[in-house]
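Report on the structure given below.
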Amino acid sequence: MSQSVLQILTAHLGAAFAELDLPKDYGRVSVSDKTSPFQCNGALAAAKLAKKAPRDIAAQVVEQLESNKDIISADIAGPGFINLVPSEELLTKRAGELLADERVGACVAEITEKIVIDFGGPNVAKPMHVGHLRSSVIGDCLQRLLRFRGHDVISDIHLGDWGLQMGHLITELEDEQPDLPYFDGDVTDSYPEKSPVSIDDLARLYPQASGKAKDDPDRMARSRKATSELQAGREGYKALLEHFIQVSIAALKKDFSALGVHFDLWKGEAAVDPLIPDMIEQFKKDGHTELSDGALIIRVAEDSDKKDLPPLILISGAGAALYATTDLATIKDRRENLNPDTILYVVDFGQSSHFEQVYRAADKTGLFPREKLEHIKFGTVNGKDGKRFRTRAGGVMRLSDLLSQARDAATKRLDEAGLAQDMGAEERTEIARKVGLAAIKFSDLQNVRTTNYIFDLERFTAFEGKTGPYLLYAAVRIKSLLRKAQAAGVNPGAITPTHKAEQRLVLALDSFNRALATAEAKRMPHILCEHVYTLAQAFSKFYADCPVLQDGVPDETKSSRLALAALTLKQLEIGLELLGIETPERM
RNA sequence: GCACCCGUAGCUCAGCUGGAUAGAGCGCUGCCCUCCGAAGGCAGAGGUCGCGCGUUCGAAUCGCGCCGGGUGCACCA
């Protein structure tokens, strides 16, 4: 792919600095929101090295650019800023290149890798709530983005289906239905095919059990015992676990499908349990482990640490494998079966030190290089009080409730606007679904990943301003325009951006690749959100200022503007798809 | 106590490797549909960038110290 306007200008400015025997790095051009679309501040930085006044350097640089056909004006402002305006010819040329490109300017990454991305991470016992939204939506956006950038991506939901929570479920179920064959030690096979529990049962049993165990040591001891028996291979418990997992997966698939989120692998912690004994044997043999207070640990603290990082516990004093153990086994599994270059974990930042322990242990034991394991951390979803989000009842809001509320709000909006009267019920429902989802996903993704944010249902389901529906609205208006153009027999042609709003739109389109590359490098979806929003804004301005099909518009202008609109739609739809947002035909 | 993250307009948030009068959205005050979809566009009011030192020609951005909020600190996941 050829160069963006920004890159071309940077090359010109770099050359100009080089002519003055100054490093060409000073020619770096940046976008400006001031009087001109671009600026270069290199003259100020170069002043010390050149031992000249910044304005003098700027003047000499500008002199170099006088006959440059790509730059229509280069003005010095303030202490030595160089304001740059690209020529119409350059914009025309660039618009033509974008028009001819299937990916509307988006390149493939220079180095492509095989990347495993671990996100979602729901527990089998707990229904999805709003807290799962971030990992799911961010993870999904990243998998789409990384694929689009040319990487070989494998997504894995990494179910929480192992450990103490299973012990809780088993023992709590035993209290409720003690006659089930799973609890009879003498029965070792031919268990019922049908699960003794539904997803609602699981959702009830787990909090019930953990609540009891919290202030009842004996109850906790029973759960621990069941956990270790399960891990030791007790048949009845294993059969129960299998039911729990299958019931949960069926429910989760509904939730994730409603969210539009896909996973390549539906593996969980239980799946890697068989790898643990050999893995630990190897660790022991290589001298990485030691016994401490009855637990088998790996020390991961380093001298350079500012704080004391506790050791990673492989086997608890009670003989159970823990969270970190299965995470290590999962790395081993992935290395042996998938052999990825990098593994990404999209998990909230509360688990930073856990991952630090796991990554160090993986590195120390030779399982996986530390720098290729990345914790893509994100902040918590808080309520208006700044604390972790809770519903008025004190519980967490179910994800399915959030989705239906957004859909209802979208339906209401559709009715109010008096739009879509002529549509069938089916299309209306579908539009409401897409609009509601767009609202939710965009409001989540536009936040900087690493910070907490305040969850406000009203804002999550808002349709005006910087929202998902605003983006869809822009796309839908273009689609409508294209339909009208086709009916009128107007065809798209070469783009000649003469109007200011057209030029702004071309420049917005031209910054797509940069946004994608930055979003990828930082694993930050909000950067893509910013781009798509800026693009939609530039289009809305263009749409208001530049009539396309109206009477009195010259044919060539019609064709040019139509092509520009179509090009915008193409990039908008790619961008939205990368965010995991579907675009309706109308709304 | 120690470590990490955060503190920008009334509210919710952007601000890229330091650069000019700090930007959006919501809310508020005015405009703009005989004209391609007003879920839109335009204009306006609104900010000691938590506080203080320091580095620099230049700091919301970098360093240090406070204050305030969140999170985590060995056998839960």
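Labels for the structure tokens follow display order: chains A, B, ..., residues from 1 in each chain, ligands from 1.
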10 Å contact set for G7 (chain B), only C-alpha atoms (C1' of nucleotides), chain neighbours under 3 positions out, as a ChimeraX atom specification = /B:49-50,68-69
message = Which residues are close to region 164-181 of chain A, i.e. within 9 Å by only C-alpha atoms (C1' of nucleotides), leaving aside same-chain residues fewer than 5 positions away? Reply as a VMD selection string.
response = (chain A and resid 123 to 125 186 to 188 191 to 192 196 to 197 202 205 to 210 213 219 to 220 222 to 230 236 to 237 240 to 241 244 322) or (chain B and resid 76 to 77)
query = CA of Val31 (chain A) and CA of Lys93 (chain A), how far apart in Å?
reply =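 According to the coordinates, CA of Lys93 (chain A) and CA of Val31 (chain A) are separated by 19.2 Å.
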task = Name the residues of region 251-299 of chain A that fall into strand (DSSP E) according to DSSP on the backbone, using the chain letters and numbers of this document, as a list in words.
result =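 After running DSSP on the backbone, region 251-299 of chain A has strand (DSSP E) at Thr289, Glu290, Leu291, Ser292, Ala295, Leu296, Ile297 and Ile298 of chain A.
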Let me see the file: selected residues, all heavy atoms, as a PDB file, in the first residue's frame.
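After the write, selection-v3.pdb holds the following:
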```
ATOM      1  N   THR A 289      11.149 -26.090  42.195  1.00  0.00           N
ATOM      2  CA  THR A 289      10.149 -26.063  43.265  1.00  0.00           C
ATOM      3  C   THR A 289      10.779 -26.221  44.640  1.00  0.00           C
ATOM      4  O   THR A 289      11.921 -26.651  44.771  1.00  0.00           O
ATOM      5  CB  THR A 289       9.143 -27.223  43.092  1.00  0.00           C
ATOM      6  OG1 THR A 289       9.858 -28.454  43.226  1.00  0.00           O
ATOM      7  CG2 THR A 289       8.488 -27.168  41.730  1.00  0.00           C
ATOM      8  N   GLU A 290      10.014 -25.880  45.637  1.00  0.00           N
ATOM      9  CA  GLU A 290      10.411 -26.197  47.002  1.00  0.00           C
ATOM     10  C   GLU A 290       9.159 -26.310  47.870  1.00  0.00           C
ATOM     11  O   GLU A 290       8.085 -25.834  47.501  1.00  0.00           O
ATOM     12  CB  GLU A 290      11.358 -25.144  47.563  1.00  0.00           C
ATOM     13  CG  GLU A 290      10.809 -23.749  47.614  1.00  0.00           C
ATOM     14  CD  GLU A 290      11.896 -22.771  48.049  1.00  0.00           C
ATOM     15  OE1 GLU A 290      12.034 -22.573  49.260  1.00  0.00           O
ATOM     16  OE2 GLU A 290      12.582 -22.204  47.167  1.00  0.00           O
ATOM     17  N   LEU A 291       9.318 -26.971  49.025  1.00  0.00           N
ATOM     18  CA  LEU A 291       8.203 -27.113  49.955  1.00  0.00           C
ATOM     19  C   LEU A 291       8.263 -25.983  50.966  1.00  0.00           C
ATOM     20  O   LEU A 291       9.329 -25.624  51.463  1.00  0.00           O
ATOM     21  CB  LEU A 291       8.283 -28.459  50.683  1.00  0.00           C
ATOM     22  CG  LEU A 291       7.679 -29.641  49.930  1.00  0.00           C
ATOM     23  CD1 LEU A 291       8.086 -30.942  50.595  1.00  0.00           C
ATOM     24  CD2 LEU A 291       6.160 -29.525  49.841  1.00  0.00           C
ATOM     25  N   SER A 292       7.087 -25.402  51.242  1.00  0.00           N
ATOM     26  CA  SER A 292       7.029 -24.314  52.200  1.00  0.00           C
ATOM     27  C   SER A 292       5.691 -24.373  52.912  1.00  0.00           C
ATOM     28  O   SER A 292       4.642 -24.278  52.276  1.00  0.00           O
ATOM     29  CB  SER A 292       7.195 -22.984  51.470  1.00  0.00           C
ATOM     30  OG  SER A 292       6.983 -21.926  52.360  1.00  0.00           O
ATOM     31  N   ALA A 295       3.112 -26.556  51.402  1.00  0.00           N
ATOM     32  CA  ALA A 295       2.704 -26.326  50.016  1.00  0.00           C
ATOM     33  C   ALA A 295       3.907 -26.432  49.090  1.00  0.00           C
ATOM     34  O   ALA A 295       5.028 -26.112  49.481  1.00  0.00           O
ATOM     35  CB  ALA A 295       2.072 -24.955  49.887  1.00  0.00           C
ATOM     36  N   LEU A 296       3.643 -26.863  47.853  1.00  0.00           N
ATOM     37  CA  LEU A 296       4.708 -26.908  46.853  1.00  0.00           C
ATOM     38  C   LEU A 296       4.684 -25.599  46.083  1.00  0.00           C
ATOM     39  O   LEU A 296       3.657 -25.242  45.488  1.00  0.00           O
ATOM     40  CB  LEU A 296       4.492 -28.094  45.902  1.00  0.00           C
ATOM     41  CG  LEU A 296       5.639 -28.371  44.933  1.00  0.00           C
ATOM     42  CD1 LEU A 296       6.850 -28.915  45.677  1.00  0.00           C
ATOM     43  CD2 LEU A 296       5.204 -29.332  43.838  1.00  0.00           C
ATOM     44  N   ILE A 297       5.813 -24.905  46.125  1.00  0.00           N
ATOM     45  CA  ILE A 297       5.815 -23.559  45.545  1.00  0.00           C
ATOM     46  C   ILE A 297       6.958 -23.359  44.559  1.00  0.00           C
ATOM     47  O   ILE A 297       7.921 -24.111  44.520  1.00  0.00           O
ATOM     48  CB  ILE A 297       5.946 -22.483  46.652  1.00  0.00           C
ATOM     49  CG1 ILE A 297       7.282 -22.648  47.395  1.00  0.00           C
ATOM     50  CG2 ILE A 297       4.772 -22.567  47.629  1.00  0.00           C
ATOM     51  CD1 ILE A 297       7.676 -21.445  48.216  1.00  0.00           C
ATOM     52  N   ILE A 298       6.808 -22.293  43.764  1.00  0.00           N
ATOM     53  CA  ILE A 298       7.908 -21.809  42.929  1.00  0.00           C
ATOM     54  C   ILE A 298       8.164 -20.369  43.346  1.00  0.00           C
ATOM     55  O   ILE A 298       7.244 -19.552  43.344  1.00  0.00           O
ATOM     56  CB  ILE A 298       7.542 -21.828  41.424  1.00  0.00           C
ATOM     57  CG1 ILE A 298       7.247 -23.259  40.960  1.00  0.00           C
ATOM     58  CG2 ILE A 298       8.680 -21.225  40.595  1.00  0.00           C
ATOM     59  CD1 ILE A 298       6.860 -23.346  39.494  1.00  0.00           C
TER      60      ILE A 298
END
```
request  = Pull out every residue of chain B that has at least one atom within 9 Å of chain A, counting only C-alpha atoms (C1' of nucleotides), and report them as a PyMOL selection string.
outcome  = chain B and resi 2-6+12-14+16+19-20+24-26+35-37+39-41+57+69-77
inquiry  = Just checking: using only C-alpha atoms, which residue out of A:Asn337, A:Ser248, A:Ser67, A:Ser135 ends up closest to Ser87 (chain A)?
reply    =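 Distance minimum relative to Ser87 (chain A) lands on A:Ser67.
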key: For Leu252 (chain A), the nearest of the candidates A:Gln143, A:Pro122, A:Ile111, A:Glu371, counting only C-alpha atoms   = A:Pro122
message = Between A:Leu528, A:Ala250, A:Leu99, A:Ala106, which residue has the minimum interatomic distance to Pro492 (chain A), considering only C-alpha atoms?
response =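 Nearest candidate to Pro492 (chain A) out of A:Leu528, A:Ala250, A:Leu99, A:Ala106: A:Leu99.
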key: Residue contacts of A22 (chain B) (9 Å, only C-alpha atoms (C1' of nucleotides)) excluding same-chain residues fewer than 3 positions away, as a VMD selection string   = chain B and resid 8 15 47 49 60
Export all heavy atoms of the chosen residues as a short mmCIF file (atom, residue, chain, number, x, y, z; two decimals), in the first residue's frame?
```
data_model
loop_
_atom_site.label_atom_id
_atom_site.label_comp_id
_atom_site.auth_asym_id
_atom_site.auth_seq_id
_atom_site.Cartn_x
_atom_site.Cartn_y
_atom_site.Cartn_z
P U B 8 -10.62 14.43 37.07
OP1 U B 8 -11.65 15.19 37.79
OP2 U B 8 -10.95 13.15 36.44
"O5'" U B 8 -9.97 15.38 35.97
"C5'" U B 8 -9.38 16.61 36.37
"C4'" U B 8 -9.20 17.47 35.17
"O4'" U B 8 -8.32 16.79 34.22
"C3'" U B 8 -10.47 17.72 34.37
"O3'" U B 8 -11.24 18.78 34.92
"C2'" U B 8 -9.89 18.07 33.01
"O2'" U B 8 -9.34 19.38 33.01
"C1'" U B 8 -8.76 17.05 32.90
N1 U B 8 -9.19 15.77 32.29
C2 U B 8 -9.29 15.72 30.91
O2 U B 8 -9.05 16.68 30.19
N3 U B 8 -9.69 14.52 30.40
C4 U B 8 -9.99 13.38 31.12
O4 U B 8 -10.33 12.36 30.51
C5 U B 8 -9.86 13.51 32.54
C6 U B 8 -9.47 14.67 33.06
P G B 15 -6.32 8.98 25.46
OP1 G B 15 -5.71 7.90 24.65
OP2 G B 15 -6.29 8.91 26.94
"O5'" G B 15 -5.71 10.37 25.02
"C5'" G B 15 -5.57 10.71 23.63
"C4'" G B 15 -5.17 12.15 23.51
"O4'" G B 15 -6.20 13.00 24.06
"C3'" G B 15 -3.92 12.54 24.31
"O3'" G B 15 -2.74 12.20 23.63
"C2'" G B 15 -4.10 14.05 24.42
"O2'" G B 15 -3.78 14.72 23.22
"C1'" G B 15 -5.61 14.13 24.68
N9 G B 15 -5.86 14.09 26.12
C8 G B 15 -6.29 13.01 26.86
N7 G B 15 -6.41 13.29 28.14
C5 G B 15 -6.04 14.62 28.24
C6 G B 15 -5.97 15.47 29.36
O6 G B 15 -6.23 15.21 30.55
N1 G B 15 -5.55 16.75 29.03
C2 G B 15 -5.23 17.15 27.77
N2 G B 15 -4.82 18.42 27.65
N3 G B 15 -5.29 16.38 26.70
C4 G B 15 -5.71 15.14 27.00
P G B 47 -14.90 28.55 33.52
OP1 G B 47 -14.76 29.20 34.83
OP2 G B 47 -14.61 29.28 32.27
"O5'" G B 47 -14.00 27.26 33.53
"C5'" G B 47 -14.15 26.25 34.56
"C4'" G B 47 -13.02 25.28 34.47
"O4'" G B 47 -12.98 24.73 33.15
"C3'" G B 47 -11.64 25.92 34.67
"O3'" G B 47 -11.30 25.90 36.04
"C2'" G B 47 -10.71 24.99 33.87
"O2'" G B 47 -10.14 23.99 34.69
"C1'" G B 47 -11.66 24.31 32.88
N9 G B 47 -11.37 24.51 31.47
C8 G B 47 -11.13 25.66 30.79
N7 G B 47 -10.94 25.47 29.49
C5 G B 47 -11.07 24.10 29.33
C6 G B 47 -10.96 23.29 28.18
O6 G B 47 -10.74 23.62 27.01
N1 G B 47 -11.17 21.94 28.47
C2 G B 47 -11.43 21.45 29.73
N2 G B 47 -11.60 20.14 29.81
N3 G B 47 -11.54 22.19 30.82
C4 G B 47 -11.34 23.49 30.54
P C B 49 -4.59 23.88 35.76
OP1 C B 49 -3.63 23.69 36.86
OP2 C B 49 -4.15 23.81 34.38
"O5'" C B 49 -5.83 22.87 35.95
"C5'" C B 49 -5.70 21.68 36.74
"C4'" C B 49 -6.06 20.49 35.87
"O4'" C B 49 -6.15 20.89 34.50
"C3'" C B 49 -5.08 19.33 35.95
"O3'" C B 49 -5.82 18.20 36.38
"C2'" C B 49 -4.58 19.15 34.53
"O2'" C B 49 -4.51 17.83 34.18
"C1'" C B 49 -5.64 19.86 33.69
N1 C B 49 -5.17 20.45 32.43
C2 C B 49 -5.20 19.62 31.29
O2 C B 49 -5.59 18.45 31.40
N3 C B 49 -4.81 20.13 30.11
C4 C B 49 -4.40 21.40 30.04
N4 C B 49 -4.04 21.86 28.85
C5 C B 49 -4.37 22.25 31.19
C6 C B 49 -4.77 21.73 32.35
P A B 60 0.63 22.22 31.13
OP1 A B 60 0.50 22.56 29.72
OP2 A B 60 0.54 23.26 32.18
"O5'" A B 60 -0.46 21.09 31.47
"C5'" A B 60 -0.67 20.66 32.82
"C4'" A B 60 -1.22 19.26 32.84
"O4'" A B 60 -2.25 19.16 31.82
"C3'" A B 60 -0.20 18.18 32.48
"O3'" A B 60 0.48 17.74 33.63
"C2'" A B 60 -1.09 17.07 31.93
"O2'" A B 60 -1.69 16.32 32.97
"C1'" A B 60 -2.19 17.88 31.22
N9 A B 60 -1.94 18.04 29.78
C8 A B 60 -1.65 19.20 29.12
N7 A B 60 -1.49 19.02 27.82
C5 A B 60 -1.69 17.66 27.65
C6 A B 60 -1.65 16.84 26.50
N6 A B 60 -1.40 17.30 25.28
N1 A B 60 -1.90 15.53 26.67
C2 A B 60 -2.15 15.08 27.90
N3 A B 60 -2.22 15.75 29.05
C4 A B 60 -1.98 17.04 28.85
#
```
query = In region 241-390 of chain A, what's helix (DSSP H, G or I) per DSSP? Answer as a PyMOL selection string?
reply = chain A and resi 241-259+270-285+323-337+349-364+370-372
If you count only C-alpha atoms (C1' of nucleotides), which residues fall within 8 Å of Gly493 (chain A), apart from same-chain ones fewer than 5 positions away, as a PDB file with all heavy atoms, in the first residue's frame?
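To be explicit, this is the file written out as result08.pdb:
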```
ATOM      1  N   GLU A 556     -20.201  15.724 -12.557  1.00  0.00           N
ATOM      2  CA  GLU A 556     -18.892  15.267 -12.062  1.00  0.00           C
ATOM      3  C   GLU A 556     -18.810  15.348 -10.548  1.00  0.00           C
ATOM      4  O   GLU A 556     -18.235  14.475  -9.892  1.00  0.00           O
ATOM      5  CB  GLU A 556     -17.774  16.114 -12.671  1.00  0.00           C
ATOM      6  CG  GLU A 556     -17.242  15.536 -13.961  1.00  0.00           C
ATOM      7  CD  GLU A 556     -16.054  16.322 -14.479  1.00  0.00           C
ATOM      8  OE1 GLU A 556     -15.248  16.800 -13.654  1.00  0.00           O
ATOM      9  OE2 GLU A 556     -15.948  16.459 -15.717  1.00  0.00           O
ATOM     10  N   SER A 559     -20.771  12.504  -9.015  1.00  0.00           N
ATOM     11  CA  SER A 559     -20.023  11.244  -9.066  1.00  0.00           C
ATOM     12  C   SER A 559     -18.898  11.225  -8.048  1.00  0.00           C
ATOM     13  O   SER A 559     -18.651  10.212  -7.396  1.00  0.00           O
ATOM     14  CB  SER A 559     -19.439  11.032 -10.466  1.00  0.00           C
ATOM     15  OG  SER A 559     -20.481  10.812 -11.378  1.00  0.00           O
ATOM     16  N   SER A 560     -18.232  12.341  -7.920  1.00  0.00           N
ATOM     17  CA  SER A 560     -17.126  12.422  -6.969  1.00  0.00           C
ATOM     18  C   SER A 560     -17.633  12.238  -5.538  1.00  0.00           C
ATOM     19  O   SER A 560     -17.097  11.443  -4.763  1.00  0.00           O
ATOM     20  CB  SER A 560     -16.431  13.772  -7.111  1.00  0.00           C
ATOM     21  OG  SER A 560     -15.604  14.010  -5.994  1.00  0.00           O
ATOM     22  N   LEU A 562     -20.438  10.993  -4.555  1.00  0.00           N
ATOM     23  CA  LEU A 562     -21.030   9.665  -4.375  1.00  0.00           C
ATOM     24  C   LEU A 562     -19.931   8.636  -4.067  1.00  0.00           C
ATOM     25  O   LEU A 562     -20.066   7.790  -3.175  1.00  0.00           O
ATOM     26  CB  LEU A 562     -21.802   9.264  -5.635  1.00  0.00           C
ATOM     27  CG  LEU A 562     -22.639   7.998  -5.531  1.00  0.00           C
ATOM     28  CD1 LEU A 562     -23.734   8.167  -4.478  1.00  0.00           C
ATOM     29  CD2 LEU A 562     -23.272   7.670  -6.880  1.00  0.00           C
ATOM     30  N   ALA A 563     -18.837   8.743  -4.816  1.00  0.00           N
ATOM     31  CA  ALA A 563     -17.715   7.822  -4.594  1.00  0.00           C
ATOM     32  C   ALA A 563     -17.131   8.015  -3.207  1.00  0.00           C
ATOM     33  O   ALA A 563     -16.787   7.050  -2.515  1.00  0.00           O
ATOM     34  CB  ALA A 563     -16.639   8.043  -5.654  1.00  0.00           C
TER      35      ALA A 563
END
```
task = Would you mind listing what lies within 9 Å of Gly150 (chain A) as a VMD selection string, with only C-alpha atoms (C1' of nucleotides) counted and same-chain residues fewer than 3 positions away left out?
result = chain A and resid 107 to 113 145 to 147 153
task = Could you give me, as a ChimeraX atom specification, the residues within 10 Å of Pro369 (chain A), counting only C-alpha atoms (C1' of nucleotides) and dropping anything in the same chain fewer than 4 positions from it?
result = /A:341-342,359-365,373
Output file for the selection above: N, CA and C atoms, as a PDB file, in the first residue's frame:
```
ATOM      1  N   ASP A 341       3.176 -17.809  19.185  1.00  0.00           N
ATOM      2  CA  ASP A 341       4.284 -16.909  19.479  1.00  0.00           C
ATOM      3  C   ASP A 341       3.976 -16.083  20.721  1.00  0.00           C
ATOM      4  N   THR A 342       2.706 -15.728  20.841  1.00  0.00           N
ATOM      5  CA  THR A 342       2.287 -14.837  21.918  1.00  0.00           C
ATOM      6  C   THR A 342       0.963 -15.318  22.492  1.00  0.00           C
ATOM      7  N   TYR A 359       3.558 -15.699  34.849  1.00  0.00           N
ATOM      8  CA  TYR A 359       4.468 -15.422  33.734  1.00  0.00           C
ATOM      9  C   TYR A 359       5.922 -15.671  34.148  1.00  0.00           C
ATOM     10  N   ARG A 360       6.242 -15.242  35.338  1.00  0.00           N
ATOM     11  CA  ARG A 360       7.620 -15.455  35.804  1.00  0.00           C
ATOM     12  C   ARG A 360       7.911 -16.945  35.971  1.00  0.00           C
ATOM     13  N   ALA A 361       6.934 -17.652  36.521  1.00  0.00           N
ATOM     14  CA  ALA A 361       7.148 -19.084  36.709  1.00  0.00           C
ATOM     15  C   ALA A 361       7.271 -19.783  35.352  1.00  0.00           C
ATOM     16  N   ALA A 362       6.456 -19.361  34.392  1.00  0.00           N
ATOM     17  CA  ALA A 362       6.512 -19.967  33.062  1.00  0.00           C
ATOM     18  C   ALA A 362       7.880 -19.726  32.431  1.00  0.00           C
ATOM     19  N   ASP A 363       8.391 -18.529  32.638  1.00  0.00           N
ATOM     20  CA  ASP A 363       9.684 -18.173  32.077  1.00  0.00           C
ATOM     21  C   ASP A 363      10.798 -18.960  32.769  1.00  0.00           C
ATOM     22  N   LYS A 364      10.751 -18.973  34.092  1.00  0.00           N
ATOM     23  CA  LYS A 364      11.770 -19.624  34.907  1.00  0.00           C
ATOM     24  C   LYS A 364      11.865 -21.121  34.600  1.00  0.00           C
ATOM     25  N   THR A 365      10.721 -21.741  34.366  1.00  0.00           N
ATOM     26  CA  THR A 365      10.702 -23.181  34.127  1.00  0.00           C
ATOM     27  C   THR A 365      10.880 -23.525  32.651  1.00  0.00           C
ATOM     28  N   LEU A 373       4.079 -13.271  26.954  1.00  0.00           N
ATOM     29  CA  LEU A 373       2.829 -13.461  27.683  1.00  0.00           C
ATOM     30  C   LEU A 373       2.352 -12.070  28.101  1.00  0.00           C
TER      31      LEU A 373
END
```
message = I'd like the contact shell of Ala74 (chain A) - 8 Å cut-off, only C-alpha atoms (C1' of nucleotides), skipping same-chain residues fewer than 4 positions apart - returned as a list in words.
response =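 The residues satisfying every condition are Val62, Leu65, Ile82, Asn83, Leu84 and Val85 of chain A.
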task = To one decimal in Å, tell me the separation between CA of Val381 (chain A) and CA of Val130 (chain A).
result =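 Taking CA of Val381 (chain A) and CA of Val130 (chain A), their separation equals 7.9 Å.
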